[in-house]
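A short worksheet on the structure shown next.
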Amino acid sequence: MNDHVRRLEAVIADIGPLAVAVSGGVDSMTLAVTAHRVLGDDARMLHAVSPAVPEDASSRVSEYANREGWRLDLIDAREFADAGYVANPHDRCFYCKTNLYSTMAKAVDCALVSGTNSDDLGDYRPGLRAAADFGVRHPYVEAGMNKDAVRALARELGLHELAKLPASPCLSSRVETVLAIE
């Protein structure tokens, strides 16, 4: 077991009961697997089902939930009911993540965590502002892990198909800014 794994497991254990925002990508899926293996039923997984979430991501989340024995709740973050999100401004992700974390906070009584890694901190990520508003923790960041370390962890855990997943932002990110999301 490498140092990143030990640090990540220590961060997760320190957080205690938590809910992982699981999108279906390598970061959140690997975090969900690790959190469940460390905390068992004290790790809940929440997946937002939305027209902006690719169907293959939702299928992947459900498949892993069955295989790994996760406590999985599918939620509707209702971002399409938010005029700020639908208007598709440059910070659309702030509105999306605000709806997501607000819905998660209402659904659980524990810490909220995301699959944000240290490489994400150098990008323009308005969703991180929303995460801060809701006190969302980022175990990979706390453990000093970047994207390469997350992919290495996925391989170490035997999650080879996850380690190979390409980056896949939400479908709304493919719509030019200021064109309404429909």
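Labels for the structure tokens follow display order: chains A, B, ..., residues from 1 in each chain, ligands from 1.
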
Determine, counting only C-alpha atoms, which protein, DNA and RNA residues have an atom within 10 Å of an atom of Pro166 of chain A; residues of the same chain fewer than 3 positions away are not included. Present the result as a PyMOL selection string. chain A and resi 25-26+162-163+169

Please give the complete set of residues from chain A that DSSP, run on the backbone, assigns to strand (DSSP E or B), formatted as a PDB file with N, CA and C atoms, in the first residue's frame.
```pdb
ATOM      1  N   LEU A  18     -19.918   9.855   6.120  1.00  0.00           N
ATOM      2  CA  LEU A  18     -19.870  10.817   5.024  1.00  0.00           C
ATOM      3  C   LEU A  18     -20.770  10.386   3.883  1.00  0.00           C
ATOM      4  N   ALA A  19     -21.020  11.335   3.005  1.00  0.00           N
ATOM      5  CA  ALA A  19     -21.760  11.071   1.771  1.00  0.00           C
ATOM      6  C   ALA A  19     -20.910  11.557   0.610  1.00  0.00           C
ATOM      7  N   VAL A  20     -20.673  10.664  -0.345  1.00  0.00           N
ATOM      8  CA  VAL A  20     -19.856  10.970  -1.520  1.00  0.00           C
ATOM      9  C   VAL A  20     -20.773  11.381  -2.662  1.00  0.00           C
ATOM     10  N   ALA A  21     -20.479  12.517  -3.268  1.00  0.00           N
ATOM     11  CA  ALA A  21     -21.150  12.923  -4.499  1.00  0.00           C
ATOM     12  C   ALA A  21     -20.517  12.113  -5.622  1.00  0.00           C
ATOM     13  N   ALA A  43     -20.482   5.115   4.962  1.00  0.00           N
ATOM     14  CA  ALA A  43     -20.243   5.831   3.702  1.00  0.00           C
ATOM     15  C   ALA A  43     -21.481   5.672   2.840  1.00  0.00           C
ATOM     16  N   ARG A  44     -22.106   6.789   2.533  1.00  0.00           N
ATOM     17  CA  ARG A  44     -23.269   6.781   1.638  1.00  0.00           C
ATOM     18  C   ARG A  44     -22.861   7.391   0.316  1.00  0.00           C
ATOM     19  N   MET A  45     -23.471   6.904  -0.732  1.00  0.00           N
ATOM     20  CA  MET A  45     -23.188   7.431  -2.058  1.00  0.00           C
ATOM     21  C   MET A  45     -24.461   8.089  -2.581  1.00  0.00           C
ATOM     22  N   LEU A  46     -24.297   9.282  -3.118  1.00  0.00           N
ATOM     23  CA  LEU A  46     -25.413  10.011  -3.706  1.00  0.00           C
ATOM     24  C   LEU A  46     -25.073  10.325  -5.157  1.00  0.00           C
ATOM     25  N   HIS A  47     -25.983   9.971  -6.034  1.00  0.00           N
ATOM     26  CA  HIS A  47     -25.775  10.203  -7.473  1.00  0.00           C
ATOM     27  C   HIS A  47     -26.950  11.002  -8.002  1.00  0.00           C
ATOM     28  N   ALA A  48     -26.648  12.126  -8.615  1.00  0.00           N
ATOM     29  CA  ALA A  48     -27.684  12.975  -9.194  1.00  0.00           C
ATOM     30  C   ALA A  48     -28.043  12.467 -10.586  1.00  0.00           C
ATOM     31  N   ARG A  71     -24.469   1.879  -0.033  1.00  0.00           N
ATOM     32  CA  ARG A  71     -25.738   2.549   0.256  1.00  0.00           C
ATOM     33  C   ARG A  71     -25.825   3.685  -0.764  1.00  0.00           C
ATOM     34  N   LEU A  72     -26.622   3.494  -1.796  1.00  0.00           N
ATOM     35  CA  LEU A  72     -26.714   4.469  -2.887  1.00  0.00           C
ATOM     36  C   LEU A  72     -28.101   5.071  -2.925  1.00  0.00           C
ATOM     37  N   ASP A  73     -28.141   6.388  -2.978  1.00  0.00           N
ATOM     38  CA  ASP A  73     -29.390   7.108  -3.182  1.00  0.00           C
ATOM     39  C   ASP A  73     -29.269   7.900  -4.470  1.00  0.00           C
ATOM     40  N   LEU A  74     -30.272   7.773  -5.315  1.00  0.00           N
ATOM     41  CA  LEU A  74     -30.348   8.586  -6.524  1.00  0.00           C
ATOM     42  C   LEU A  74     -31.151   9.825  -6.172  1.00  0.00           C
ATOM     43  N   ILE A  75     -30.625  10.973  -6.548  1.00  0.00           N
ATOM     44  CA  ILE A  75     -31.290  12.223  -6.195  1.00  0.00           C
ATOM     45  C   ILE A  75     -31.515  13.073  -7.434  1.00  0.00           C
ATOM     46  N   ALA A 111     -21.023  14.424   6.862  1.00  0.00           N
ATOM     47  CA  ALA A 111     -20.136  15.242   6.037  1.00  0.00           C
ATOM     48  C   ALA A 111     -20.354  14.935   4.555  1.00  0.00           C
ATOM     49  N   LEU A 112     -20.251  15.956   3.734  1.00  0.00           N
ATOM     50  CA  LEU A 112     -20.330  15.802   2.282  1.00  0.00           C
ATOM     51  C   LEU A 112     -18.910  15.848   1.727  1.00  0.00           C
ATOM     52  N   VAL A 113     -18.607  14.940   0.790  1.00  0.00           N
ATOM     53  CA  VAL A 113     -17.281  14.910   0.180  1.00  0.00           C
ATOM     54  C   VAL A 113     -17.394  14.815  -1.333  1.00  0.00           C
ATOM     55  N   ARG A 137     -15.972  18.596   1.846  1.00  0.00           N
ATOM     56  CA  ARG A 137     -14.547  18.274   1.980  1.00  0.00           C
ATOM     57  C   ARG A 137     -14.069  17.536   0.742  1.00  0.00           C
TER      58      ARG A 137
END
```

Members of chain A assigned alpha helix (DSSP H) by DSSP, as a PyMOL selection string: chain A and resi 3-15+26-39+55-68+83-86+92-107+126-133+139-142+147-156+160-163

Nearest to Asp14 of chain A, restricted to only C-alpha atoms and choosing among A:Ala65, A:Ala35, A:Leu121, A:Val136, comes out as A:Ala35

Closest of A:Asp41, A:Arg174, A:Gly24, A:Ala77 to Arg60 of chain A - atom-to-atom distances counting only C-alpha atoms: A:Gly24

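Between atom CA of Thr116 of chain A and atom CA of Ser28 of chain A lies a distance of 7.9 Å.
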
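Here atom CA of Cys96 of chain A stands at a distance of 7.4 Å from atom CA of Gly127 of chain A.
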
Calculated over only C-alpha atoms, which of the candidates A:Leu100, A:Ala143, A:Ala131, A:Ala107 has the smallest distance to Leu8 of chain A? A:Ala143

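Between atom CA of Ile181 of chain A and atom CA of Ala105 of chain A the separation is 24.9 Å.
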
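Using only C-alpha atoms for every distance, the candidate list A:Asp133, A:Pro126, A:Arg7, A:Cys170 yields A:Cys170 as the residue closest to Ser58 of chain A.
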
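Taking only C-alpha atoms into account, Phe94 of chain A lies nearest to A:Arg125 out of the set A:Val108, A:Arg125, A:Asp119, A:Ser114.
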